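**Student:** Structure: start_31.txt, compact mmCIF, N, CA and C atoms.
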# COMPACT_ATOMS: atom_id res chain seq x y z
N MET A 1 0.85 -1.17 0.00
CA MET A 1 0.00 0.00 0.00
C MET A 1 0.90 1.24 0.00
N ARG A 2 0.72 2.09 -0.98
CA ARG A 2 1.54 3.29 -1.07
C ARG A 2 0.94 4.39 -0.20
N ILE A 3 1.82 5.07 0.54
CA ILE A 3 1.39 6.11 1.47
C ILE A 3 0.74 7.29 0.75
N ILE A 4 1.15 7.56 -0.48
CA ILE A 4 0.60 8.69 -1.22
C ILE A 4 -0.91 8.54 -1.45
N ARG A 5 -1.38 7.31 -1.47
CA ARG A 5 -2.82 7.07 -1.68
C ARG A 5 -3.65 7.59 -0.51
N PHE A 6 -3.01 7.85 0.64
CA PHE A 6 -3.74 8.34 1.81
C PHE A 6 -3.90 9.85 1.82
N PHE A 7 -3.17 10.57 0.96
CA PHE A 7 -3.25 12.03 0.97
C PHE A 7 -4.66 12.57 0.74
N PRO A 8 -5.42 12.08 -0.28
CA PRO A 8 -6.78 12.60 -0.46
C PRO A 8 -7.66 12.36 0.79
N LEU A 9 -7.50 11.21 1.42
CA LEU A 9 -8.27 10.90 2.62
C LEU A 9 -7.93 11.88 3.75
N ILE A 10 -6.65 12.11 3.95
CA ILE A 10 -6.22 13.02 5.02
C ILE A 10 -6.65 14.45 4.72
N LEU A 11 -6.48 14.89 3.47
CA LEU A 11 -6.87 16.25 3.09
C LEU A 11 -8.37 16.47 3.23
N TYR A 12 -9.16 15.50 2.77
CA TYR A 12 -10.61 15.69 2.85
C TYR A 12 -11.09 15.65 4.30
N TYR A 13 -10.51 14.78 5.11
CA TYR A 13 -10.90 14.77 6.52
C TYR A 13 -10.48 16.08 7.18
N GLY A 14 -9.35 16.63 6.76
CA GLY A 14 -8.93 17.95 7.26
C GLY A 14 -9.95 19.02 6.90
N LEU A 15 -10.50 18.96 5.69
CA LEU A 15 -11.54 19.90 5.29
C LEU A 15 -12.78 19.74 6.17
N ILE A 16 -13.20 18.53 6.41
CA ILE A 16 -14.35 18.28 7.28
C ILE A 16 -14.07 18.82 8.68
N PHE A 17 -12.89 18.56 9.19
CA PHE A 17 -12.51 19.05 10.52
C PHE A 17 -12.56 20.57 10.56
N TYR A 18 -12.06 21.22 9.51
CA TYR A 18 -12.10 22.68 9.43
C TYR A 18 -13.55 23.18 9.41
N LEU A 19 -14.36 22.58 8.56
CA LEU A 19 -15.76 23.02 8.45
C LEU A 19 -16.51 22.83 9.77
N SER A 20 -16.21 21.76 10.48
CA SER A 20 -16.91 21.53 11.74
C SER A 20 -16.36 22.41 12.86
N SER A 21 -15.26 23.13 12.59
CA SER A 21 -14.72 24.07 13.57
C SER A 21 -15.41 25.43 13.49
N GLN A 22 -16.18 25.63 12.44
CA GLN A 22 -16.85 26.91 12.23
C GLN A 22 -18.16 26.96 13.00
N SER A 23 -18.47 28.13 13.53
CA SER A 23 -19.78 28.31 14.16
C SER A 23 -20.84 28.27 13.06
N PRO A 24 -22.00 27.74 13.39
CA PRO A 24 -23.04 27.61 12.36
C PRO A 24 -23.54 28.96 11.87
N GLY A 25 -23.96 28.98 10.62
CA GLY A 25 -24.52 30.19 10.02
C GLY A 25 -26.02 30.25 10.24
N LYS A 26 -26.73 30.49 9.16
CA LYS A 26 -28.19 30.57 9.22
C LYS A 26 -28.79 29.20 9.53
N PRO A 27 -29.94 29.18 10.18
CA PRO A 27 -30.60 27.89 10.43
C PRO A 27 -30.97 27.21 9.11
N ILE A 28 -30.95 25.90 9.14
CA ILE A 28 -31.27 25.11 7.94
C ILE A 28 -32.78 25.14 7.74
N PRO A 29 -33.22 25.35 6.48
CA PRO A 29 -34.63 25.64 6.20
C PRO A 29 -35.64 24.50 6.34
N PHE A 30 -35.23 23.26 6.40
CA PHE A 30 -36.21 22.19 6.53
C PHE A 30 -35.71 21.12 7.49
N PRO A 31 -36.63 20.36 8.07
CA PRO A 31 -36.25 19.35 9.07
C PRO A 31 -35.29 18.31 8.49
N PHE A 32 -34.34 17.91 9.28
CA PHE A 32 -33.36 16.87 8.95
C PHE A 32 -32.42 17.25 7.81
N ALA A 33 -32.42 18.52 7.40
CA ALA A 33 -31.50 18.94 6.34
C ALA A 33 -30.06 18.75 6.78
N ASP A 34 -29.78 18.99 8.05
CA ASP A 34 -28.40 18.83 8.54
C ASP A 34 -27.96 17.36 8.44
N LYS A 35 -28.89 16.44 8.63
CA LYS A 35 -28.54 15.01 8.52
C LYS A 35 -28.20 14.66 7.07
N ILE A 36 -28.94 15.22 6.13
CA ILE A 36 -28.67 15.00 4.71
C ILE A 36 -27.31 15.59 4.35
N ILE A 37 -27.02 16.77 4.89
CA ILE A 37 -25.73 17.42 4.63
C ILE A 37 -24.59 16.56 5.18
N HIS A 38 -24.77 16.03 6.39
CA HIS A 38 -23.74 15.15 6.95
C HIS A 38 -23.51 13.95 6.02
N PHE A 39 -24.58 13.34 5.58
CA PHE A 39 -24.46 12.17 4.70
C PHE A 39 -23.70 12.52 3.43
N ILE A 40 -24.12 13.59 2.76
CA ILE A 40 -23.51 13.99 1.49
C ILE A 40 -22.06 14.41 1.68
N LEU A 41 -21.77 15.13 2.74
CA LEU A 41 -20.41 15.60 2.98
C LEU A 41 -19.43 14.46 3.22
N TYR A 42 -19.92 13.35 3.73
CA TYR A 42 -19.04 12.22 4.04
C TYR A 42 -18.89 11.23 2.89
N ILE A 43 -19.67 11.33 1.84
CA ILE A 43 -19.52 10.42 0.70
C ILE A 43 -18.12 10.54 0.08
N PRO A 44 -17.64 11.76 -0.21
CA PRO A 44 -16.28 11.85 -0.77
C PRO A 44 -15.20 11.32 0.18
N LEU A 45 -15.43 11.41 1.48
CA LEU A 45 -14.48 10.85 2.42
C LEU A 45 -14.40 9.33 2.23
N GLY A 46 -15.53 8.71 2.02
CA GLY A 46 -15.56 7.27 1.77
C GLY A 46 -14.87 6.90 0.47
N VAL A 47 -15.07 7.71 -0.57
CA VAL A 47 -14.40 7.45 -1.84
C VAL A 47 -12.89 7.59 -1.65
N ALA A 48 -12.47 8.63 -0.94
CA ALA A 48 -11.04 8.82 -0.66
C ALA A 48 -10.50 7.65 0.16
N GLY A 49 -11.31 7.13 1.06
CA GLY A 49 -10.92 5.95 1.83
C GLY A 49 -10.80 4.72 0.95
N GLY A 50 -11.71 4.58 0.01
CA GLY A 50 -11.62 3.47 -0.93
C GLY A 50 -10.34 3.54 -1.75
N PHE A 51 -10.00 4.75 -2.17
CA PHE A 51 -8.77 4.96 -2.93
C PHE A 51 -7.56 4.64 -2.05
N ALA A 52 -7.58 5.09 -0.80
CA ALA A 52 -6.46 4.86 0.11
C ALA A 52 -6.25 3.37 0.38
N PHE A 53 -7.35 2.64 0.55
CA PHE A 53 -7.25 1.22 0.88
C PHE A 53 -7.46 0.33 -0.34
N HIS A 54 -7.17 0.87 -1.51
CA HIS A 54 -7.30 0.15 -2.77
C HIS A 54 -6.57 -1.20 -2.71
N GLY A 55 -7.26 -2.25 -3.08
CA GLY A 55 -6.64 -3.57 -3.12
C GLY A 55 -6.74 -4.35 -1.82
N ILE A 56 -7.42 -3.81 -0.83
CA ILE A 56 -7.54 -4.50 0.45
C ILE A 56 -8.40 -5.76 0.28
N ARG A 57 -8.07 -6.77 1.01
CA ARG A 57 -8.84 -8.02 0.94
C ARG A 57 -10.20 -7.85 1.61
N ARG A 58 -11.17 -8.55 1.11
CA ARG A 58 -12.54 -8.44 1.62
C ARG A 58 -12.65 -8.73 3.12
N GLU A 59 -11.78 -9.58 3.63
CA GLU A 59 -11.85 -9.94 5.05
C GLU A 59 -11.56 -8.75 5.95
N LYS A 60 -10.89 -7.74 5.43
CA LYS A 60 -10.52 -6.58 6.24
C LYS A 60 -11.51 -5.43 6.13
N ILE A 61 -12.57 -5.62 5.38
CA ILE A 61 -13.56 -4.56 5.19
C ILE A 61 -14.15 -4.11 6.53
N ILE A 62 -14.42 -5.01 7.44
CA ILE A 62 -15.01 -4.64 8.72
C ILE A 62 -14.10 -3.68 9.49
N LEU A 63 -12.81 -3.86 9.38
CA LEU A 63 -11.88 -2.95 10.05
C LEU A 63 -11.95 -1.54 9.45
N ILE A 64 -12.10 -1.48 8.14
CA ILE A 64 -12.23 -0.18 7.48
C ILE A 64 -13.54 0.47 7.89
N CYS A 65 -14.61 -0.31 8.00
CA CYS A 65 -15.90 0.22 8.46
C CYS A 65 -15.75 0.84 9.85
N LEU A 66 -15.04 0.17 10.71
CA LEU A 66 -14.82 0.71 12.06
C LEU A 66 -14.02 2.01 12.02
N LEU A 67 -13.05 2.10 11.13
CA LEU A 67 -12.28 3.33 10.98
C LEU A 67 -13.19 4.49 10.63
N PHE A 68 -14.10 4.29 9.67
CA PHE A 68 -15.00 5.36 9.27
C PHE A 68 -15.99 5.72 10.38
N ALA A 69 -16.41 4.75 11.14
CA ALA A 69 -17.27 5.05 12.29
C ALA A 69 -16.52 5.92 13.30
N ILE A 70 -15.27 5.59 13.53
CA ILE A 70 -14.46 6.36 14.47
C ILE A 70 -14.25 7.79 13.97
N LEU A 71 -14.03 7.95 12.66
CA LEU A 71 -13.85 9.29 12.10
C LEU A 71 -15.10 10.15 12.31
N GLY A 72 -16.27 9.56 12.11
CA GLY A 72 -17.52 10.29 12.32
C GLY A 72 -17.72 10.66 13.78
N ILE A 73 -17.43 9.73 14.67
CA ILE A 73 -17.56 10.00 16.11
C ILE A 73 -16.55 11.06 16.54
N ALA A 74 -15.34 10.98 16.02
CA ALA A 74 -14.31 11.97 16.37
C ALA A 74 -14.73 13.36 15.93
N ASP A 75 -15.34 13.47 14.76
CA ASP A 75 -15.81 14.78 14.29
C ASP A 75 -16.91 15.31 15.20
N GLU A 76 -17.82 14.46 15.60
CA GLU A 76 -18.90 14.91 16.49
C GLU A 76 -18.34 15.34 17.85
N LEU A 77 -17.39 14.60 18.38
CA LEU A 77 -16.77 14.99 19.65
C LEU A 77 -16.07 16.33 19.50
N HIS A 78 -15.37 16.52 18.39
CA HIS A 78 -14.71 17.79 18.11
C HIS A 78 -15.73 18.93 18.10
N GLN A 79 -16.88 18.72 17.47
CA GLN A 79 -17.91 19.76 17.41
C GLN A 79 -18.43 20.13 18.78
N SER A 80 -18.39 19.22 19.72
CA SER A 80 -18.91 19.53 21.05
C SER A 80 -18.08 20.61 21.76
N PHE A 81 -16.87 20.86 21.28
CA PHE A 81 -16.02 21.90 21.85
C PHE A 81 -16.08 23.22 21.08
N VAL A 82 -16.83 23.25 19.99
CA VAL A 82 -16.94 24.46 19.17
C VAL A 82 -18.15 25.25 19.66
N PRO A 83 -17.96 26.58 19.91
CA PRO A 83 -19.09 27.39 20.37
C PRO A 83 -20.28 27.30 19.41
N MET A 84 -21.47 27.18 19.99
CA MET A 84 -22.74 27.12 19.27
C MET A 84 -22.91 25.85 18.42
N ARG A 85 -22.11 24.82 18.71
CA ARG A 85 -22.27 23.53 18.03
C ARG A 85 -22.45 22.47 19.09
N LYS A 86 -22.95 21.33 18.68
CA LYS A 86 -23.13 20.23 19.62
C LYS A 86 -22.91 18.91 18.90
N ALA A 87 -22.62 17.90 19.67
CA ALA A 87 -22.45 16.56 19.12
C ALA A 87 -23.79 15.84 19.16
N GLU A 88 -24.11 15.14 18.08
CA GLU A 88 -25.35 14.37 18.02
C GLU A 88 -25.05 12.98 17.47
N ILE A 89 -25.60 11.99 18.10
CA ILE A 89 -25.39 10.61 17.68
C ILE A 89 -25.93 10.37 16.27
N LEU A 90 -27.06 10.98 15.94
CA LEU A 90 -27.63 10.79 14.61
C LEU A 90 -26.72 11.40 13.54
N ASP A 91 -26.03 12.50 13.87
CA ASP A 91 -25.06 13.06 12.92
C ASP A 91 -23.91 12.07 12.70
N ALA A 92 -23.43 11.45 13.76
CA ALA A 92 -22.35 10.47 13.63
C ALA A 92 -22.81 9.27 12.79
N ILE A 93 -24.05 8.87 12.96
CA ILE A 93 -24.60 7.76 12.16
C ILE A 93 -24.66 8.15 10.69
N MET A 94 -25.08 9.38 10.41
CA MET A 94 -25.15 9.85 9.02
C MET A 94 -23.75 10.01 8.43
N ASP A 95 -22.79 10.45 9.25
CA ASP A 95 -21.40 10.53 8.79
C ASP A 95 -20.92 9.14 8.36
N PHE A 96 -21.18 8.16 9.21
CA PHE A 96 -20.78 6.79 8.93
C PHE A 96 -21.48 6.27 7.67
N ALA A 97 -22.78 6.51 7.57
CA ALA A 97 -23.54 6.03 6.42
C ALA A 97 -23.04 6.65 5.11
N GLY A 98 -22.76 7.93 5.14
CA GLY A 98 -22.24 8.60 3.94
C GLY A 98 -20.87 8.09 3.56
N SER A 99 -19.99 7.97 4.55
CA SER A 99 -18.64 7.50 4.23
C SER A 99 -18.65 6.05 3.76
N MET A 100 -19.50 5.23 4.35
CA MET A 100 -19.57 3.84 3.90
C MET A 100 -20.17 3.74 2.51
N THR A 101 -21.12 4.60 2.19
CA THR A 101 -21.68 4.62 0.84
C THR A 101 -20.58 4.91 -0.18
N GLY A 102 -19.81 5.96 0.08
CA GLY A 102 -18.71 6.31 -0.82
C GLY A 102 -17.67 5.21 -0.91
N PHE A 103 -17.32 4.64 0.24
CA PHE A 103 -16.31 3.58 0.27
C PHE A 103 -16.78 2.35 -0.51
N LEU A 104 -18.01 1.93 -0.26
CA LEU A 104 -18.50 0.72 -0.92
C LEU A 104 -18.70 0.92 -2.42
N VAL A 105 -19.13 2.11 -2.82
CA VAL A 105 -19.24 2.39 -4.26
C VAL A 105 -17.86 2.29 -4.90
N TYR A 106 -16.86 2.90 -4.29
CA TYR A 106 -15.50 2.80 -4.83
C TYR A 106 -15.03 1.35 -4.83
N TYR A 107 -15.21 0.68 -3.73
CA TYR A 107 -14.70 -0.69 -3.57
C TYR A 107 -15.31 -1.66 -4.59
N PHE A 108 -16.62 -1.61 -4.74
CA PHE A 108 -17.27 -2.59 -5.61
C PHE A 108 -17.22 -2.22 -7.09
N ARG A 109 -16.88 -0.98 -7.40
CA ARG A 109 -16.71 -0.59 -8.81
C ARG A 109 -15.30 -0.91 -9.30
N ASN A 110 -14.43 -1.28 -8.41
CA ASN A 110 -13.04 -1.55 -8.76
C ASN A 110 -12.89 -3.02 -9.15
N ASP A 111 -12.47 -3.28 -10.35
CA ASP A 111 -12.35 -4.66 -10.84
C ASP A 111 -11.33 -5.48 -10.07
N SER A 112 -10.28 -4.86 -9.55
CA SER A 112 -9.23 -5.64 -8.89
C SER A 112 -9.68 -6.22 -7.55
N ASN A 113 -10.80 -5.76 -7.00
CA ASN A 113 -11.29 -6.25 -5.73
C ASN A 113 -12.30 -7.38 -5.88
N LYS A 114 -12.64 -7.72 -7.10
CA LYS A 114 -13.68 -8.74 -7.30
C LYS A 114 -13.10 -10.12 -7.29
Render the structure in this file as structure tokens.

**Tutor:**
Amino acid sequence: MRIIRFFPLILYYGLIFYLSSQSPGKPIPFPFADKIIHFILYIPLGVAGGFAFHGIRREKIILICLLFAILGIADELHQSFVPMRKAEILDAIMDFAGSMTGFLVYYFRNDSNK
């Protein structure tokens, strides 16, 4: 596994970390919009993770899933220290769901993993 393949994953997670460091702007106009945003924002993280772990054996997929769950939980914990933000379990679940969607799309579209 080449270390350079991890750069997009690290950079994108850095962007998410930066965005979650910002105080919130205007309220979101419809219910659960923030959950949808969490899901969508984490899809590219999953794709970057798929790229980083390109060629991994299927038996190790569960470990990668745990990594993405930890990243979502870590972001929510980080938000709990940002003024006017809070940590929510449903946000962490949506983070995980979005990242896993991106990861699995990348993983199963790659011929070398079949």

**Student:** As a VMD selection string, please: all residues of chain A that backbone DSSP puts in helix (DSSP H, G or I).

**Tutor:** chain A and resid 3 to 20 33 to 52 58 to 79 89 to 109 111 to 113

**Student:** Considering only C-alpha atoms, tabulate each residue of region 35-62 of chain A that lies at most 8 Å from region 4-18 of chain A along with its nearest interatomic pair and the corresponding distance in Å to one decimal; arrange the rows by chain and ascending residue number and present them as JSON lines.

**Tutor:**
{"residue": "A:Leu41", "atom": "CA", "partner": "A:Ile16", "partner_atom": "CA", "distance": 7.9}
{"residue": "A:Pro44", "atom": "CA", "partner": "A:Tyr12", "partner_atom": "CA", "distance": 7.7}
{"residue": "A:Leu45", "atom": "CA", "partner": "A:Tyr12", "partner_atom": "CA", "distance": 6.2}
{"residue": "A:Ala48", "atom": "CA", "partner": "A:Leu9", "partner_atom": "CA", "distance": 4.8}
{"residue": "A:Gly49", "atom": "CA", "partner": "A:Leu9", "partner_atom": "CA", "distance": 5.7}
{"residue": "A:Phe51", "atom": "CA", "partner": "A:Arg5", "partner_atom": "CA", "distance": 6.4}
{"residue": "A:Ala52", "atom": "CA", "partner": "A:Arg5", "partner_atom": "CA", "distance": 4.6}
{"residue": "A:Phe53", "atom": "CA", "partner": "A:Arg5", "partner_atom": "CA", "distance": 7.8}

**Student:** Figure out the distance between atom N of Met94 (chain A) and atom C of Pro31 (chain A), please, to one decimal in Å.

**Tutor:** 13.7 Å

**Student:** Expressed in Å to a single decimal, how great is the separation between CA of His38 (chain A) and CA of Gly50 (chain A)?

**Tutor:**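 These atoms are spaced 18.6 Å apart.
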
**Student:** Atom C of Gly55 (chain A) and atom C of Gly98 (chain A), how far apart in Å?

**Tutor:**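 Separating atom C of Gly98 (chain A) from atom C of Gly55 (chain A) is a distance of 19.6 Å.
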
**Student:** What are the centre and the three edge lengths of an axis-aligned box that wraps all atoms of region 57-71 of chain A in the file, given that 6 Å is added to every side, written as AutoDock Vina command-line options and rounded to one decimal in Å?

**Tutor:**
--center_x -12.7 --center_y 0.1 --center_z 7.7 --size_x 21.2 --size_y 32.1 --size_z 25.5

**Student:** Quick one: residues within 12 Å of region 20-25 of chain A, only C-alpha atoms, excluding same-chain residues fewer than 2 positions away - as a list in words?

**Tutor:**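 With the cut-off at 12 Å, the set is Tyr13, Gly14, Leu15, Ile16, Phe17, Tyr18, Pro27, Ile28, Pro29, Asp34, His38, Leu41, Gly72, Ala74, Asp75, Glu76, Leu77, His78, Gln79, Ser80, Phe81, Val82, Pro83, Met84, Arg85, Lys86, Ala87 and Asp91 of chain A.
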
**Student:** Which residues are near Phe68 (chain A)? Cut-off 8 Å, all atoms listed in the file, ignore same chain within fewer than 2 positions. Put them as a short mmCIF file (atom, residue, chain, number, x, y, z; two decimals) with N, CA and C atoms, in the coordinates of the input.

**Tutor:**
data_model
loop_
_atom_site.label_atom_id
_atom_site.label_comp_id
_atom_site.auth_asym_id
_atom_site.auth_seq_id
_atom_site.Cartn_x
_atom_site.Cartn_y
_atom_site.Cartn_z
N GLY A 46 -15.53 8.71 2.02
CA GLY A 46 -15.56 7.27 1.77
C GLY A 46 -14.87 6.90 0.47
N ILE A 62 -14.42 -5.01 7.44
CA ILE A 62 -15.01 -4.64 8.72
C ILE A 62 -14.10 -3.68 9.49
N LEU A 63 -12.81 -3.86 9.38
CA LEU A 63 -11.88 -2.95 10.05
C LEU A 63 -11.95 -1.54 9.45
N ILE A 64 -12.10 -1.48 8.14
CA ILE A 64 -12.23 -0.18 7.48
C ILE A 64 -13.54 0.47 7.89
N CYS A 65 -14.61 -0.31 8.00
CA CYS A 65 -15.90 0.22 8.46
C CYS A 65 -15.75 0.84 9.85
N LEU A 66 -15.04 0.17 10.71
CA LEU A 66 -14.82 0.71 12.06
C LEU A 66 -14.02 2.01 12.02
N ILE A 70 -15.27 5.59 13.53
CA ILE A 70 -14.46 6.36 14.47
C ILE A 70 -14.25 7.79 13.97
N LEU A 71 -14.03 7.95 12.66
CA LEU A 71 -13.85 9.29 12.10
C LEU A 71 -15.10 10.15 12.31
N GLY A 72 -16.27 9.56 12.11
CA GLY A 72 -17.52 10.29 12.32
C GLY A 72 -17.72 10.66 13.78
N ILE A 73 -17.43 9.73 14.67
CA ILE A 73 -17.56 10.00 16.11
C ILE A 73 -16.55 11.06 16.54
N ALA A 74 -15.34 10.98 16.02
CA ALA A 74 -14.31 11.97 16.37
C ALA A 74 -14.73 13.36 15.93
N ASP A 95 -22.79 10.45 9.25
CA ASP A 95 -21.40 10.53 8.79
C ASP A 95 -20.92 9.14 8.36
N PHE A 96 -21.18 8.16 9.21
CA PHE A 96 -20.78 6.79 8.93
C PHE A 96 -21.48 6.27 7.67
N ALA A 97 -22.78 6.51 7.57
CA ALA A 97 -23.54 6.03 6.42
C ALA A 97 -23.04 6.65 5.11
N SER A 99 -19.99 7.97 4.55
CA SER A 99 -18.64 7.50 4.23
C SER A 99 -18.65 6.05 3.76
N MET A 100 -19.50 5.23 4.35
CA MET A 100 -19.57 3.84 3.90
C MET A 100 -20.17 3.74 2.51
#

**Student:** When you count only C-alpha atoms, which of these residues is closest to Phe103 (chain A): A:Lys26, A:Ile43, A:Ala69, A:Ile36?

**Tutor:**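 Of the candidates, the smallest distance to Phe103 (chain A) is held by A:Ile43.
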